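Dropping upload-v5.pdb in here (PDB, N, CA and C atoms):
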ATOM      1  N   MET A   1     -13.565  -0.341  -8.692
ATOM      2  CA  MET A   1     -12.804   0.865  -8.468
ATOM      3  C   MET A   1     -11.873   0.631  -7.283
ATOM      4  N   VAL A   2     -10.670   1.151  -7.392
ATOM      5  CA  VAL A   2      -9.700   1.070  -6.309
ATOM      6  C   VAL A   2      -9.356   2.495  -5.887
ATOM      7  N   ILE A   3      -9.489   2.784  -4.608
ATOM      8  CA  ILE A   3      -9.140   4.088  -4.050
ATOM      9  C   ILE A   3      -7.887   3.891  -3.209
ATOM     10  N   VAL A   4      -6.831   4.628  -3.537
ATOM     11  CA  VAL A   4      -5.571   4.537  -2.808
ATOM     12  C   VAL A   4      -5.324   5.860  -2.108
ATOM     13  N   HIS A   5      -5.165   5.807  -0.795
ATOM     14  CA  HIS A   5      -4.877   6.996   0.005
ATOM     15  C   HIS A   5      -3.400   6.995   0.349
ATOM     16  N   MET A   6      -2.695   8.047  -0.039
ATOM     17  CA  MET A   6      -1.259   8.169   0.219
ATOM     18  C   MET A   6      -1.026   9.315   1.188
ATOM     19  N   GLY A   7      -1.334   9.113   2.434
ATOM     20  CA  GLY A   7      -1.225  10.182   3.412
ATOM     21  C   GLY A   7       0.207  10.513   3.763
ATOM     22  N   LEU A   8       0.484  11.795   3.830
ATOM     23  CA  LEU A   8       1.784  12.257   4.315
ATOM     24  C   LEU A   8       1.826  12.112   5.833
ATOM     25  N   PRO A   9       3.035  12.024   6.415
ATOM     26  CA  PRO A   9       3.124  11.939   7.873
ATOM     27  C   PRO A   9       2.476  13.163   8.537
ATOM     28  N   LYS A  10       1.837  12.916   9.653
ATOM     29  CA  LYS A  10       1.218  13.952  10.487
ATOM     30  C   LYS A  10       0.057  14.669   9.806
ATOM     31  N   THR A  11      -0.684  13.947   8.948
ATOM     32  CA  THR A  11      -1.852  14.543   8.302
ATOM     33  C   THR A  11      -3.137  13.812   8.669
ATOM     34  N   GLY A  12      -3.096  12.989   9.698
ATOM     35  CA  GLY A  12      -4.286  12.287  10.152
ATOM     36  C   GLY A  12      -4.492  10.929   9.509
ATOM     37  N   THR A  13      -3.477  10.434   8.811
ATOM     38  CA  THR A  13      -3.604   9.148   8.125
ATOM     39  C   THR A  13      -3.969   8.021   9.086
ATOM     40  N   THR A  14      -3.275   7.925  10.194
ATOM     41  CA  THR A  14      -3.540   6.847  11.139
ATOM     42  C   THR A  14      -4.951   6.955  11.705
ATOM     43  N   SER A  15      -5.415   8.157  12.007
ATOM     44  CA  SER A  15      -6.783   8.334  12.504
ATOM     45  C   SER A  15      -7.799   7.852  11.475
ATOM     46  N   LEU A  16      -7.557   8.174  10.215
ATOM     47  CA  LEU A  16      -8.434   7.714   9.145
ATOM     48  C   LEU A  16      -8.436   6.189   9.083
ATOM     49  N   GLN A  17      -7.257   5.594   9.181
ATOM     50  CA  GLN A  17      -7.149   4.141   9.095
ATOM     51  C   GLN A  17      -7.826   3.454  10.279
ATOM     52  N   VAL A  18      -7.701   4.017  11.459
ATOM     53  CA  VAL A  18      -8.362   3.439  12.632
ATOM     54  C   VAL A  18      -9.878   3.503  12.452
ATOM     55  N   ALA A  19     -10.376   4.632  11.982
ATOM     56  CA  ALA A  19     -11.816   4.775  11.750
ATOM     57  C   ALA A  19     -12.308   3.780  10.692
ATOM     58  N   MET A  20     -11.533   3.616   9.624
ATOM     59  CA  MET A  20     -11.919   2.676   8.575
ATOM     60  C   MET A  20     -11.917   1.235   9.105
ATOM     61  N   THR A  21     -10.919   0.900   9.914
ATOM     62  CA  THR A  21     -10.841  -0.439  10.490
ATOM     63  C   THR A  21     -12.028  -0.692  11.417
ATOM     64  N   ARG A  22     -12.320   0.275  12.267
ATOM     65  CA  ARG A  22     -13.446   0.127  13.204
ATOM     66  C   ARG A  22     -14.778  -0.003  12.478
ATOM     67  N   ASN A  23     -14.879   0.596  11.300
ATOM     68  CA  ASN A  23     -16.136   0.601  10.552
ATOM     69  C   ASN A  23     -16.089  -0.286   9.314
ATOM     70  N   SER A  24     -15.182  -1.247   9.299
ATOM     71  CA  SER A  24     -15.023  -2.084   8.108
ATOM     72  C   SER A  24     -16.277  -2.897   7.786
ATOM     73  N   THR A  25     -17.015  -3.315   8.810
ATOM     74  CA  THR A  25     -18.261  -4.059   8.566
ATOM     75  C   THR A  25     -19.295  -3.160   7.896
ATOM     76  N   LEU A  26     -19.419  -1.941   8.376
ATOM     77  CA  LEU A  26     -20.340  -0.978   7.772
ATOM     78  C   LEU A  26     -19.921  -0.657   6.338
ATOM     79  N   LEU A  27     -18.632  -0.468   6.128
ATOM     80  CA  LEU A  27     -18.136  -0.206   4.776
ATOM     81  C   LEU A  27     -18.438  -1.394   3.856
ATOM     82  N   ALA A  28     -18.217  -2.598   4.370
ATOM     83  CA  ALA A  28     -18.474  -3.796   3.566
ATOM     84  C   ALA A  28     -19.946  -3.888   3.168
ATOM     85  N   SER A  29     -20.821  -3.519   4.085
ATOM     86  CA  SER A  29     -22.247  -3.569   3.762
ATOM     87  C   SER A  29     -22.617  -2.540   2.692
ATOM     88  N   ALA A  30     -21.771  -1.530   2.523
ATOM     89  CA  ALA A  30     -21.984  -0.523   1.478
ATOM     90  C   ALA A  30     -21.214  -0.867   0.202
ATOM     91  N   GLY A  31     -20.587  -2.050   0.172
ATOM     92  CA  GLY A  31     -19.862  -2.488  -1.016
ATOM     93  C   GLY A  31     -18.435  -1.996  -1.101
ATOM     94  N   VAL A  32     -17.879  -1.559   0.048
ATOM     95  CA  VAL A  32     -16.499  -1.056   0.076
ATOM     96  C   VAL A  32     -15.625  -2.031   0.859
ATOM     97  N   ASN A  33     -14.607  -2.557   0.194
ATOM     98  CA  ASN A  33     -13.642  -3.456   0.813
ATOM     99  C   ASN A  33     -12.462  -2.612   1.299
ATOM    100  N   TYR A  34     -12.332  -2.444   2.619
ATOM    101  CA  TYR A  34     -11.193  -1.695   3.153
ATOM    102  C   TYR A  34     -10.067  -2.672   3.427
ATOM    103  N   VAL A  35      -8.954  -2.491   2.744
ATOM    104  CA  VAL A  35      -7.807  -3.384   2.886
ATOM    105  C   VAL A  35      -6.978  -2.934   4.079
ATOM    106  N   ARG A  36      -6.771  -3.857   4.984
ATOM    107  CA  ARG A  36      -5.944  -3.602   6.162
ATOM    108  C   ARG A  36      -4.862  -4.663   6.186
ATOM    109  N   ALA A  37      -3.615  -4.231   6.162
ATOM    110  CA  ALA A  37      -2.496  -5.169   6.174
ATOM    111  C   ALA A  37      -2.135  -5.495   7.622
ATOM    112  N   ALA A  38      -2.740  -6.506   8.162
ATOM    113  CA  ALA A  38      -2.499  -6.904   9.550
ATOM    114  C   ALA A  38      -1.037  -7.303   9.726
ATOM    115  N   PRO A  39      -0.460  -7.101  10.879
ATOM    116  CA  PRO A  39      -1.045  -6.562  12.096
ATOM    117  C   PRO A  39      -0.941  -5.031  12.188
ATOM    118  N   ALA A  40      -0.365  -4.408  11.198
ATOM    119  CA  ALA A  40      -0.217  -2.955  11.240
ATOM    120  C   ALA A  40      -1.558  -2.274  11.026
ATOM    121  N   VAL A  41      -1.663  -1.027  11.477
ATOM    122  CA  VAL A  41      -2.888  -0.259  11.243
ATOM    123  C   VAL A  41      -3.028   0.018   9.757
ATOM    124  N   ASN A  42      -1.939   0.409   9.126
ATOM    125  CA  ASN A  42      -2.025   0.695   7.695
ATOM    126  C   ASN A  42      -1.189  -0.304   6.902
ATOM    127  N   ALA A  43      -1.120  -0.094   5.610
ATOM    128  CA  ALA A  43      -0.458  -1.056   4.729
ATOM    129  C   ALA A  43       1.005  -0.714   4.456
ATOM    130  N   ASN A  44       1.622   0.077   5.323
ATOM    131  CA  ASN A  44       3.021   0.446   5.096
ATOM    132  C   ASN A  44       3.937  -0.768   4.985
ATOM    133  N   ASP A  45       3.624  -1.819   5.716
ATOM    134  CA  ASP A  45       4.478  -3.010   5.680
ATOM    135  C   ASP A  45       4.559  -3.600   4.277
ATOM    136  N   TRP A  46       3.538  -3.400   3.464
ATOM    137  CA  TRP A  46       3.554  -3.905   2.095
ATOM    138  C   TRP A  46       4.498  -3.114   1.213
ATOM    139  N   PHE A  47       4.724  -1.862   1.547
ATOM    140  CA  PHE A  47       5.431  -0.959   0.637
ATOM    141  C   PHE A  47       6.791  -0.477   1.128
ATOM    142  N   LYS A  48       7.110  -0.676   2.407
ATOM    143  CA  LYS A  48       8.344  -0.097   2.950
ATOM    144  C   LYS A  48       9.590  -0.602   2.228
ATOM    145  N   HIS A  49       9.569  -1.810   1.709
ATOM    146  CA  HIS A  49      10.740  -2.352   1.010
ATOM    147  C   HIS A  49      10.931  -1.722  -0.379
ATOM    148  N   LEU A  50      10.006  -0.830  -0.785
ATOM    149  CA  LEU A  50      10.145  -0.136  -2.075
ATOM    150  C   LEU A  50      10.588   1.316  -1.912
ATOM    151  N   ARG A  51      10.833   1.735  -0.701
ATOM    152  CA  ARG A  51      11.302   3.107  -0.475
ATOM    153  C   ARG A  51      12.713   3.245  -1.042
ATOM    154  N   PRO A  52      13.053   4.433  -1.516
ATOM    155  CA  PRO A  52      14.353   4.641  -2.172
ATOM    156  C   PRO A  52      15.550   4.128  -1.380
ATOM    157  N   ARG A  53      15.563   4.335  -0.081
ATOM    158  CA  ARG A  53      16.735   3.906   0.703
ATOM    159  C   ARG A  53      16.888   2.392   0.721
ATOM    160  N   HIS A  54      15.794   1.653   0.503
ATOM    161  CA  HIS A  54      15.859   0.193   0.483
ATOM    162  C   HIS A  54      16.233  -0.356  -0.899
ATOM    163  N   LEU A  55      16.109   0.480  -1.916
ATOM    164  CA  LEU A  55      16.371   0.022  -3.285
ATOM    165  C   LEU A  55      17.788   0.334  -3.767
ATOM    166  N   ARG A  56      18.468   1.232  -3.116
ATOM    167  CA  ARG A  56      19.775   1.714  -3.597
ATOM    168  C   ARG A  56      20.790   0.612  -3.863
ATOM    169  N   LYS A  57      20.813  -0.405  -3.035
ATOM    170  CA  LYS A  57      21.836  -1.449  -3.138
ATOM    171  C   LYS A  57      21.375  -2.662  -3.943
ATOM    172  N   LEU A  58      20.190  -2.579  -4.537
ATOM    173  CA  LEU A  58      19.640  -3.734  -5.239
ATOM    174  C   LEU A  58      19.866  -3.658  -6.738
ATOM    175  N   SER A  59      19.921  -4.823  -7.356
ATOM    176  CA  SER A  59      19.996  -4.890  -8.815
ATOM    177  C   SER A  59      18.602  -4.611  -9.389
ATOM    178  N   GLN A  60      18.547  -4.333 -10.678
ATOM    179  CA  GLN A  60      17.256  -4.096 -11.328
ATOM    180  C   GLN A  60      16.359  -5.325 -11.217
ATOM    181  N   GLN A  61      16.949  -6.501 -11.306
ATOM    182  CA  GLN A  61      16.174  -7.736 -11.185
ATOM    183  C   GLN A  61      15.552  -7.855  -9.791
ATOM    184  N   GLU A  62      16.317  -7.528  -8.764
ATOM    185  CA  GLU A  62      15.792  -7.592  -7.398
ATOM    186  C   GLU A  62      14.667  -6.574  -7.191
ATOM    187  N   ILE A  63      14.815  -5.406  -7.777
ATOM    188  CA  ILE A  63      13.761  -4.391  -7.693
ATOM    189  C   ILE A  63      12.503  -4.899  -8.381
ATOM    190  N   GLU A  64      12.673  -5.488  -9.555
ATOM    191  CA  GLU A  64      11.519  -6.030 -10.294
ATOM    192  C   GLU A  64      10.808  -7.103  -9.476
ATOM    193  N   GLN A  65      11.566  -7.938  -8.784
ATOM    194  CA  GLN A  65      10.971  -8.980  -7.948
ATOM    195  C   GLN A  65      10.156  -8.366  -6.817
ATOM    196  N   ARG A  66      10.681  -7.318  -6.209
ATOM    197  CA  ARG A  66       9.957  -6.647  -5.128
ATOM    198  C   ARG A  66       8.673  -5.995  -5.639
ATOM    199  N   VAL A  67       8.751  -5.368  -6.795
ATOM    200  CA  VAL A  67       7.567  -4.735  -7.380
ATOM    201  C   VAL A  67       6.511  -5.804  -7.670
ATOM    202  N   GLN A  68       6.917  -6.907  -8.266
ATOM    203  CA  GLN A  68       5.959  -7.964  -8.607
ATOM    204  C   GLN A  68       5.338  -8.575  -7.352
ATOM    205  N   GLN A  69       6.141  -8.800  -6.338
ATOM    206  CA  GLN A  69       5.634  -9.358  -5.087
ATOM    207  C   GLN A  69       4.610  -8.408  -4.459
ATOM    208  N   THR A  70       4.897  -7.125  -4.468
ATOM    209  CA  THR A  70       3.977  -6.137  -3.910
ATOM    210  C   THR A  70       2.705  -6.076  -4.736
ATOM    211  N   ARG A  71       2.849  -6.087  -6.048
ATOM    212  CA  ARG A  71       1.676  -6.076  -6.933
ATOM    213  C   ARG A  71       0.789  -7.292  -6.672
ATOM    214  N   ASP A  72       1.399  -8.457  -6.543
ATOM    215  CA  ASP A  72       0.638  -9.681  -6.263
ATOM    216  C   ASP A  72      -0.120  -9.563  -4.944
ATOM    217  N   THR A  73       0.537  -9.022  -3.929
ATOM    218  CA  THR A  73      -0.096  -8.851  -2.620
ATOM    219  C   THR A  73      -1.283  -7.902  -2.716
ATOM    220  N   VAL A  74      -1.082  -6.769  -3.375
ATOM    221  CA  VAL A  74      -2.153  -5.783  -3.514
ATOM    222  C   VAL A  74      -3.316  -6.381  -4.300
ATOM    223  N   LEU A  75      -3.019  -6.986  -5.441
ATOM    224  CA  LEU A  75      -4.080  -7.534  -6.287
ATOM    225  C   LEU A  75      -4.874  -8.639  -5.594
ATOM    226  N   SER A  76      -4.210  -9.424  -4.765
ATOM    227  CA  SER A  76      -4.918 -10.504  -4.073
ATOM    228  C   SER A  76      -5.891  -9.970  -3.029
ATOM    229  N   ASN A  77      -5.768  -8.703  -2.672
ATOM    230  CA  ASN A  77      -6.643  -8.104  -1.674
ATOM    231  C   ASN A  77      -7.697  -7.175  -2.262
ATOM    232  N   ILE A  78      -7.708  -7.034  -3.576
ATOM    233  CA  ILE A  78      -8.709  -6.183  -4.221
ATOM    234  C   ILE A  78      -9.966  -7.001  -4.471
ATOM    235  N   ALA A  79     -11.094  -6.438  -4.092
ATOM    236  CA  ALA A  79     -12.371  -7.127  -4.296
ATOM    237  C   ALA A  79     -12.658  -7.255  -5.783
ATOM    238  N   ALA A  80     -13.207  -8.396  -6.158
ATOM    239  CA  ALA A  80     -13.528  -8.635  -7.566
ATOM    240  C   ALA A  80     -14.637  -7.715  -8.047
ATOM    241  N   ASP A  81     -15.514  -7.323  -7.136
ATOM    242  CA  ASP A  81     -16.576  -6.397  -7.496
ATOM    243  C   ASP A  81     -16.665  -5.331  -6.401
ATOM    244  N   GLY A  82     -17.285  -4.245  -6.693
ATOM    245  CA  GLY A  82     -17.391  -3.176  -5.709
ATOM    246  C   GLY A  82     -16.158  -2.294  -5.706
ATOM    247  N   THR A  83     -15.901  -1.701  -4.567
ATOM    248  CA  THR A  83     -14.817  -0.744  -4.406
ATOM    249  C   THR A  83     -13.850  -1.235  -3.338
ATOM    250  N   THR A  84     -12.575  -1.068  -3.583
ATOM    251  CA  THR A  84     -11.548  -1.407  -2.600
ATOM    252  C   THR A  84     -10.812  -0.127  -2.209
ATOM    253  N   MET A  85     -10.615   0.061  -0.908
ATOM    254  CA  MET A  85      -9.869   1.209  -0.396
ATOM    255  C   MET A  85      -8.601   0.707   0.286
ATOM    256  N   LEU A  86      -7.507   1.408   0.037
ATOM    257  CA  LEU A  86      -6.216   1.082   0.638
ATOM    258  C   LEU A  86      -5.588   2.378   1.101
ATOM    259  N   SER A  87      -5.090   2.400   2.329
ATOM    260  CA  SER A  87      -4.438   3.586   2.858
ATOM    261  C   SER A  87      -3.064   3.201   3.381
ATOM    262  N   ALA A  88      -2.042   3.911   2.913
ATOM    263  CA  ALA A  88      -0.676   3.641   3.363
ATOM    264  C   ALA A  88       0.125   4.930   3.349
ATOM    265  N   GLU A  89       0.594   5.321   4.498
ATOM    266  CA  GLU A  89       1.369   6.549   4.622
ATOM    267  C   GLU A  89       2.649   6.498   3.809
ATOM    268  N   GLY A  90       3.272   5.344   3.736
ATOM    269  CA  GLY A  90       4.566   5.223   3.077
ATOM    270  C   GLY A  90       4.560   5.351   1.569
ATOM    271  N   LEU A  91       3.403   5.363   0.947
ATOM    272  CA  LEU A  91       3.344   5.427  -0.517
ATOM    273  C   LEU A  91       3.871   6.744  -1.088
ATOM    274  N   TYR A  92       3.778   7.815  -0.320
ATOM    275  CA  TYR A  92       4.168   9.129  -0.855
ATOM    276  C   TYR A  92       5.638   9.189  -1.240
ATOM    277  N   SER A  93       6.473   8.327  -0.663
ATOM    278  CA  SER A  93       7.913   8.406  -0.924
ATOM    279  C   SER A  93       8.393   7.442  -2.009
ATOM    280  N   ILE A  94       7.492   6.672  -2.578
ATOM    281  CA  ILE A  94       7.882   5.667  -3.574
ATOM    282  C   ILE A  94       7.880   6.287  -4.967
ATOM    283  N   ASN A  95       8.828   5.889  -5.777
ATOM    284  CA  ASN A  95       8.949   6.354  -7.154
ATOM    285  C   ASN A  95       7.614   6.173  -7.876
ATOM    286  N   PRO A  96       7.096   7.233  -8.503
ATOM    287  CA  PRO A  96       5.801   7.148  -9.201
ATOM    288  C   PRO A  96       5.746   6.057 -10.277
ATOM    289  N   GLU A  97       6.863   5.784 -10.938
ATOM    290  CA  GLU A  97       6.878   4.720 -11.942
ATOM    291  C   GLU A  97       6.636   3.348 -11.317
ATOM    292  N   LEU A  98       7.214   3.124 -10.124
ATOM    293  CA  LEU A  98       6.991   1.859  -9.428
ATOM    294  C   LEU A  98       5.544   1.745  -8.985
ATOM    295  N   LEU A  99       4.993   2.848  -8.482
ATOM    296  CA  LEU A  99       3.593   2.839  -8.066
ATOM    297  C   LEU A  99       2.668   2.529  -9.232
ATOM    298  N   ALA A 100       2.953   3.108 -10.385
ATOM    299  CA  ALA A 100       2.122   2.873 -11.563
ATOM    300  C   ALA A 100       2.143   1.404 -11.945
ATOM    301  N   ARG A 101       3.268   0.747 -11.780
ATOM    302  CA  ARG A 101       3.357  -0.673 -12.130
ATOM    303  C   ARG A 101       2.644  -1.552 -11.115
ATOM    304  N   ILE A 102       2.536  -1.074  -9.893
ATOM    305  CA  ILE A 102       1.820  -1.835  -8.852
ATOM    306  C   ILE A 102       0.313  -1.681  -9.036
ATOM    307  N   PHE A 103      -0.107  -0.440  -9.269
ATOM    308  CA  PHE A 103      -1.545  -0.157  -9.347
ATOM    309  C   PHE A 103      -2.027  -0.077 -10.770
TER
END
Is it possible to express this structure as structure tokens?
Amino acid sequence: MVIVHMGLPKTGTTSLQVAMTRNSTLLASAGVNYVRAAPAVNANDWFKHLRPRHLRKLSQQEIEQRVQQTRDTVLSNIAADGTTMLSAEGLYSINPELLARIF
């Protein structure tokens, strides 16, 4: 199972991510893989290049390359068994069709 948290700005997303990072060993012992995109607190760095303002000047091929690269990054961090959690504030602004292709 993959749990994706798409926190809006100023809703406590960073606090949640800090708590998850601090307790990642405890979560792991419970079978939960918390994905943290170092060095950032959350995984926004993985997704910021897919925000609408970054895609406007790109060709469809370039967009497809970005989606595939992001999908590869996400998939390489998902645990083969158990549960994986990912939290990224920036996901709320990404086109739902692109998100569906990533996840």
Query raised in the report: If you run DSSP on the backbone, which residues of chain A are strand (DSSP E or B), as a list in words?
Result: Val2, Ile3, Val4, His5, Val32, Asn33, Tyr34, Val35, Thr83, Thr84, Met85, Leu86 and Ser87 of chain A
Report summary line: Separating atom C of Leu86 (chain A) from CA of Met6 (chain A), to the nearest tenth of an Å, is a gap of 7.3 Å
**Report entry** Using all atoms listed in the file: which of A:Gln68, A:Thr11, A:Gln61, A:Thr21 has the shortest distance to Arg36 (chain A)
**Finding:** A:Thr21
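The interatomic distance for the pair CA of Ala30 (chain A) and CA of Arg71 (chain A) works out to 25.7 Å.
Reported to one decimal place, the separation of CA of Arg56 (chain A) from atom N of Glu89 (chain A) is 21.1 Å.
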Query - Sel. of helix (DSSP H, G or I) residues, chain A, as a PyMOL selection string - result: chain A and resi 13-22+24-29+44-50+52-55+60-76+89-93+96-102
Requested in this report: Do a neighbour search on Tyr34 (chain A) at 7 Å with all atoms listed in the file, toss out local chain neighbours closer than 5 positions, and write the hits as a PyMOL selection string.
Outcome: chain A and resi 20+24+27-28+83-86
**Report entry** Test item: the PyMOL selection byres ((chain A and resi 82) around 7) resolved as a ChimeraX atom specification
**Finding:** /A:1-2,31-33,79-81,83-84
Query raised in the report: When the PyMOL selection byres ((chain A and resi 42-51) around 7) is applied to the file above, which residues end up in the set, as number ranges by chain?
Result: A: 14, 17, 35-41, 52-56, 66, 70, 86-91, 93-95
